[in-house]
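What follows is a set of notes on a single structure, which appears directly below.
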Amino acid sequence: MAATALPIHENQTAYVAEFALRQSRLPGLPELRRAAMERFGILGFPTTHNEDWKYTNLAPFLREPYGAAPAPPADAVRERLAAIPFANLDYPRLVFVNGRYARELSTPPAGVQAGSLRAALGPAGAHLARYADYEKNALAALNTALFEDGAFIEVSAGQVLEQPVHILHVSAGGGVSYPRNLIVAGRDSQAVFIETYLGLGNEAGFTNAVTEVAAEDGAVIEHTKLQAESAGALHVGLLRVRHGTSSNFTSYNIALGAALARNEIVAELAGDGAEATLNGLYVTTGSQHVDNHTTLEHVRPHTTSREVYKGVLDGKSQGVFHGRIVVRPEAQKTDAIQRNKNLLLSADAVVNTKPQLEIYADDVKCTHGATVGQVDHDAVFYLRSRGIGLEEARSLLTYAFTNDVIEAMRAENVRSKLGVALFAALSGGAAQ
């Protein structure tokens, strides 16, 4: 793909042309891929004229088309991953490098179907692309048309996974990759998943990721997304979850890296008594930009949702939070709470927050709220009166602000390493 500068509204044609060249080599699903690319060609990349993208401008990152990311030697990737704590969680893992399965770097879990989506398109067909809406989401359409591989995990009915499963996506050498993940949790199953995105080096790569989760009746799922891409990267991710009756889904969405990151989570509580918990944390500095869009859609009665997103912004970084709770007419007895809290460490940091309720039922209990503030000066004074220095006091209070988002994580190795990384970052160290 030639790197010719184009206005963003014309840039999409380069990706359409790339699809025309590569479609015969892409794995399976030709009709679905063609329909998705046709839809992308109509929608084009979103711009700030789109209300949902009002504060996030992709144009500086997409004026030149990204070529396909190369496949670096496995030994070189293994050596570099050895030095990154988030890559080494001591859990069974599936590793993907630039969107392709790296079998030699993976240690799949025993007793469960888990591996390459490319190799399991037949079994995955009942769920793939049923939840991520490419009709309305241009980036989901682009992913659906061009993905090569990703993780497919199917947990059998009644099965309880003793260890978390780590899905590790590595970006190396720049270029664009389209990771696609599908998780199917059978009736009354229980499992924990960690989905990590890491960048090697500072290349200006583009990751366009889509993850679909089907939580069948009674399933209990915890999912953590940890985004720590390279400093020059563009990361766009969609997580789409469909809940069965009495299912329980908990999300931890942690954003630390990338120059620009956009995370979208849509949870459809489509079964009576379903429960969803969305926890988010974004920590930015320099000129980073992170945008979190969440939708909790209550479709059936007696559903419950809890959402807490927290942001810590320093330097000239920018944050966006747009959280929607939608209560459909049949979703009586819905109980939903949403909170967004932001801590600005710099006078130049900016956050735009928009909590939103759309209620079409008359017997519900729903609340929401948002705050933007600075470190509590009285608390700093108290700590300093106990002999703690100014910067250390600020770091301790900031860490305490973030820690309650992650303290309930069931994946202990993630929780402990994330705590260390957060404290280092908030004390002026490296986020990774």
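By convention in this document, the chains of the structure tokens carry letters A, B, ... by their order, each chain's residues are numbered from 1, and ligands are numbered from 1 in the order they are shown.
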
Using 9 Å as the limit and counting only C-alpha atoms, can you tabulate each residue of range 322-402 of chain A that touches range 418-424 of chain A, with its shortest atom-to-atom distance in Å and the two atoms involved, as a Markdown table?
```
| residue | atom | partner | partner_atom | distance |
| --- | --- | --- | --- | --- |
| A:Ser395 | CA | A:Phe423 | CA | 7.3 |
| A:Leu396 | CA | A:Phe423 | CA | 8.0 |
| A:Thr398 | CA | A:Phe423 | CA | 8.7 |
| A:Tyr399 | CA | A:Phe423 | CA | 6.1 |
| A:Thr402 | CA | A:Leu422 | CA | 8.3 |
```

Go ahead and save the picked residues with C-alpha atoms, as a PDB file, in the first residue's frame.
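File written: selection.pdb
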```pdb
ATOM      1  CA  SER A 395       1.899  10.213  44.301  1.00  0.00           C
ATOM      2  CA  LEU A 396       0.427   8.297  47.245  1.00  0.00           C
ATOM      3  CA  THR A 398      -3.051   9.646  43.236  1.00  0.00           C
ATOM      4  CA  TYR A 399      -2.254   5.954  43.565  1.00  0.00           C
ATOM      5  CA  THR A 402      -6.635   4.624  41.076  1.00  0.00           C
TER       6      THR A 402
END
```

Can you list every residue of range 291-325 of chain A that has an atom at most 10 Å from range 350-356 of chain A, with its nearest atom pair and the distance in Å to one decimal, using only C-alpha atoms, ordered by chain then number, as JSON lines?
```
{"residue": "A:Asp291", "atom": "CA", "partner": "A:Asn352", "partner_atom": "CA", "distance": 9.2}
{"residue": "A:Asn292", "atom": "CA", "partner": "A:Thr353", "partner_atom": "CA", "distance": 9.5}
{"residue": "A:His293", "atom": "CA", "partner": "A:Lys354", "partner_atom": "CA", "distance": 9.6}
{"residue": "A:Thr294", "atom": "CA", "partner": "A:Pro355", "partner_atom": "CA", "distance": 9.5}
{"residue": "A:Thr295", "atom": "CA", "partner": "A:Gln356", "partner_atom": "CA", "distance": 9.4}
{"residue": "A:Gly311", "atom": "CA", "partner": "A:Val351", "partner_atom": "CA", "distance": 8.6}
{"residue": "A:Val312", "atom": "CA", "partner": "A:Val351", "partner_atom": "CA", "distance": 9.6}
{"residue": "A:Leu313", "atom": "CA", "partner": "A:Val350", "partner_atom": "CA", "distance": 7.5}
{"residue": "A:Asp314", "atom": "CA", "partner": "A:Val350", "partner_atom": "CA", "distance": 8.8}
{"residue": "A:Gly315", "atom": "CA", "partner": "A:Val350", "partner_atom": "CA", "distance": 9.4}
{"residue": "A:Lys316", "atom": "CA", "partner": "A:Val350", "partner_atom": "CA", "distance": 7.4}
{"residue": "A:Ser317", "atom": "CA", "partner": "A:Val350", "partner_atom": "CA", "distance": 6.6}
{"residue": "A:Gln318", "atom": "CA", "partner": "A:Val350", "partner_atom": "CA", "distance": 4.8}
{"residue": "A:Gly319", "atom": "CA", "partner": "A:Val351", "partner_atom": "CA", "distance": 4.4}
{"residue": "A:Val320", "atom": "CA", "partner": "A:Asn352", "partner_atom": "CA", "distance": 4.8}
{"residue": "A:Phe321", "atom": "CA", "partner": "A:Thr353", "partner_atom": "CA", "distance": 4.7}
{"residue": "A:His322", "atom": "CA", "partner": "A:Lys354", "partner_atom": "CA", "distance": 4.7}
{"residue": "A:Gly323", "atom": "CA", "partner": "A:Pro355", "partner_atom": "CA", "distance": 4.8}
{"residue": "A:Arg324", "atom": "CA", "partner": "A:Gln356", "partner_atom": "CA", "distance": 4.7}
{"residue": "A:Ile325", "atom": "CA", "partner": "A:Gln356", "partner_atom": "CA", "distance": 6.3}
```

Leaving out range 88-102 of chain A and any residue of its chain fewer than 4 positions from it, which residues lie within 8 Å of it when counting only C-alpha atoms, given as JSON, numbers by chain? {"A": [69, 70, 71, 74, 81, 82, 84, 106, 107, 108, 109, 115, 116, 147, 148, 149, 150, 151, 163, 164, 165, 166, 167, 168, 169, 170, 171, 172, 176, 177, 178, 179, 180, 413, 414]}

Could those residues be written to a file, using C-alpha atoms, as a PDB file, in the first residue's frame?
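Wrote again_24.pdb, looks like this:
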```
ATOM      1  CA  ALA A  69       2.487  -5.003   9.568  1.00  0.00           C
ATOM      2  CA  PRO A  70       5.456  -7.331   8.880  1.00  0.00           C
ATOM      3  CA  ALA A  71       6.081 -10.656  10.624  1.00  0.00           C
ATOM      4  CA  ALA A  74       9.802 -15.186  16.810  1.00  0.00           C
ATOM      5  CA  LEU A  81       8.849  -9.691  25.581  1.00  0.00           C
ATOM      6  CA  ALA A  82      10.997 -11.204  28.335  1.00  0.00           C
ATOM      7  CA  ILE A  84       8.079  -6.550  29.777  1.00  0.00           C
ATOM      8  CA  SER A 106       2.021 -19.577  23.057  1.00  0.00           C
ATOM      9  CA  THR A 107       1.190 -21.974  25.887  1.00  0.00           C
ATOM     10  CA  PRO A 108      -2.532 -22.724  25.414  1.00  0.00           C
ATOM     11  CA  PRO A 109      -4.646 -23.753  28.415  1.00  0.00           C
ATOM     12  CA  GLY A 115      -6.266 -21.166  19.973  1.00  0.00           C
ATOM     13  CA  SER A 116      -6.253 -19.477  16.591  1.00  0.00           C
ATOM     14  CA  PHE A 147      -8.741  -9.510  10.049  1.00  0.00           C
ATOM     15  CA  GLU A 148      -6.336 -12.404   9.620  1.00  0.00           C
ATOM     16  CA  ASP A 149      -6.437 -14.011  13.047  1.00  0.00           C
ATOM     17  CA  GLY A 150      -7.079 -13.665  16.751  1.00  0.00           C
ATOM     18  CA  ALA A 151      -8.106 -15.758  19.724  1.00  0.00           C
ATOM     19  CA  GLN A 163      -6.432 -20.235  35.829  1.00  0.00           C
ATOM     20  CA  PRO A 164      -6.945 -17.035  33.851  1.00  0.00           C
ATOM     21  CA  VAL A 165      -6.237 -17.202  30.112  1.00  0.00           C
ATOM     22  CA  HIS A 166      -3.905 -14.524  28.739  1.00  0.00           C
ATOM     23  CA  ILE A 167      -4.557 -13.259  25.195  1.00  0.00           C
ATOM     24  CA  LEU A 168      -1.435 -11.289  24.269  1.00  0.00           C
ATOM     25  CA  HIS A 169      -1.373  -9.103  21.168  1.00  0.00           C
ATOM     26  CA  VAL A 170       2.019  -7.661  20.229  1.00  0.00           C
ATOM     27  CA  SER A 171       2.606  -4.829  17.758  1.00  0.00           C
ATOM     28  CA  ALA A 172       6.101  -4.783  16.248  1.00  0.00           C
ATOM     29  CA  VAL A 176      -1.603  -1.979  10.687  1.00  0.00           C
ATOM     30  CA  SER A 177      -3.053  -5.098  12.299  1.00  0.00           C
ATOM     31  CA  TYR A 178      -6.633  -6.247  12.858  1.00  0.00           C
ATOM     32  CA  PRO A 179      -6.832  -8.565  15.899  1.00  0.00           C
ATOM     33  CA  ARG A 180     -10.172 -10.364  16.166  1.00  0.00           C
ATOM     34  CA  ASN A 413      -0.564 -11.396  38.852  1.00  0.00           C
ATOM     35  CA  VAL A 414      -2.206  -8.678  36.780  1.00  0.00           C
TER      36      VAL A 414
END
```

Can you list, as a ChimeraX atom specification, all residues belonging to range 185-320 of chain A that DSSP tags as strand (DSSP E or B)? /A:185,190-200,206-215,220-228,234-243,248-255,260-269,275-284,289-298,304-313,318-320

Do you have, as a Markdown table, the list of residues of range 9-90 of chain A lying at most 10 Å from range 126-138 of chain A, each with its nearest atom pair and that distance in Å to one decimal, counting only C-alpha atoms and ordered by chain then number?
```
| residue | atom | partner | partner_atom | distance |
| --- | --- | --- | --- | --- |
| A:Leu32 | CA | A:Ala129 | CA | 8.6 |
| A:Ala35 | CA | A:Glu135 | CA | 9.2 |
| A:Ala36 | CA | A:Tyr134 | CA | 6.4 |
| A:Met37 | CA | A:Ala138 | CA | 9.1 |
| A:Glu38 | CA | A:Glu135 | CA | 9.8 |
| A:Arg39 | CA | A:Glu135 | CA | 6.4 |
| A:Phe40 | CA | A:Ala138 | CA | 5.2 |
| A:Gly41 | CA | A:Ala138 | CA | 8.5 |
| A:Ile42 | CA | A:Ala138 | CA | 8.6 |
| A:Leu43 | CA | A:Ala138 | CA | 5.8 |
| A:Gly44 | CA | A:Ala138 | CA | 6.3 |
| A:Phe45 | CA | A:Ala138 | CA | 6.3 |
| A:Pro46 | CA | A:Ala138 | CA | 7.2 |
```

Could you write out that same residue set with C-alpha atoms as a short mmCIF file (atom, residue, chain, number, x, y, z; two decimals), in the first residue's frame?
```
data_model
loop_
_atom_site.label_atom_id
_atom_site.label_comp_id
_atom_site.auth_asym_id
_atom_site.auth_seq_id
_atom_site.Cartn_x
_atom_site.Cartn_y
_atom_site.Cartn_z
CA LEU A 32 -19.15 -11.46 5.19
CA ALA A 35 -20.31 -6.94 2.90
CA ALA A 36 -18.20 -5.43 5.67
CA MET A 37 -15.80 -3.72 3.26
CA GLU A 38 -18.71 -2.39 1.23
CA ARG A 39 -20.13 -0.92 4.42
CA PHE A 40 -16.77 0.60 5.37
CA GLY A 41 -16.58 2.19 1.94
CA ILE A 42 -19.94 3.86 2.60
CA LEU A 43 -19.27 4.93 6.18
CA GLY A 44 -15.60 5.93 5.85
CA PHE A 45 -13.41 6.79 8.80
CA PRO A 46 -15.28 8.76 11.48
#
```

List every residue of range 86-126 of chain A that DSSP, applied to the backbone of this structure, places in alpha helix (DSSP H), and write the result as a PyMOL selection string. chain A and resi 121-124

Write out as a PyMOL selection string each polymer residue whose atoms come within 7 Å of Ser156 in chain A, counting only C-alpha atoms; drop sequence neighbours fewer than 3 positions from it. chain A and resi 159+185-186+189

So, counting only C-alpha atoms, which residue among A:Gln113, A:Thr56, A:Asn181, A:Thr207 is closest to Val155 in chain A?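 Distance minimum relative to Val155 in chain A lands on A:Gln113.
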
Can you work out which one of A:Leu281, A:Ala336, A:Leu344, A:Val290 has the shortest atom-to-atom distance to Ile406 in chain A, counting only C-alpha atoms?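 Nearest candidate to Ile406 in chain A out of A:Leu281, A:Ala336, A:Leu344, A:Val290: A:Leu281.
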
Counting only C-alpha atoms, what are the residues of range 106-225 of chain A within 6 Å of range 234-238 of chain A, and for each of them which pair of atoms is the nearest and at what distance in Å, to one decimal? Sort the table by chain and rising number, as JSON lines.
```
{"residue": "A:Phe206", "atom": "CA", "partner": "A:Leu234", "partner_atom": "CA", "distance": 4.8}
{"residue": "A:Thr207", "atom": "CA", "partner": "A:His235", "partner_atom": "CA", "distance": 4.8}
{"residue": "A:Asn208", "atom": "CA", "partner": "A:Val236", "partner_atom": "CA", "distance": 4.9}
{"residue": "A:Ala209", "atom": "CA", "partner": "A:Gly237", "partner_atom": "CA", "distance": 4.6}
{"residue": "A:Val210", "atom": "CA", "partner": "A:Leu238", "partner_atom": "CA", "distance": 4.8}
```

Go ahead and save the picked residues with C-alpha atoms, as a tab-separated table (two decimals), in the first residue's frame.
```
chain	number	residue	atom	x	y	z
A	206	PHE	CA	-2.24	1.17	13.96
A	207	THR	CA	-4.12	-1.52	15.89
A	208	ASN	CA	-7.82	-1.98	15.07
A	209	ALA	CA	-9.12	-4.66	17.45
A	210	VAL	CA	-12.54	-6.27	17.91
```

Near-Phe19 in chain A list (10 Å; only C-alpha atoms; drop same-chain fewer than 5 positions) as an MDAnalysis selection string: chainID A and resid 13:14 24:26 33:34 37 142 145:146

Give me the residues within 12 Å of range 408-411 of chain A as an MDAnalysis selection string, counting only C-alpha atoms and dropping any in the same chain fewer than 6 places off. chainID A and resid 89:91 162:166 190:195 221:225 250:254 277:280 417:419

Counting only C-alpha atoms, closest pick from A:Thr211, A:Ser246, A:Asn50, A:Gln374 relative to Ile153 in chain A is A:Thr211

Find the residues near Glu275 in chain A: any atom within 6 Å, counting only C-alpha atoms, skip ones fewer than 3 places away on the same chain, and give them as number ranges by chain. A: 248, 303-305

Would you work out the distance separating CA of Gly28 in chain A from CA of Phe152 in chain A, expressed in Å to one decimal?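 According to the coordinates, CA of Gly28 in chain A and CA of Phe152 in chain A are separated by 15.0 Å.
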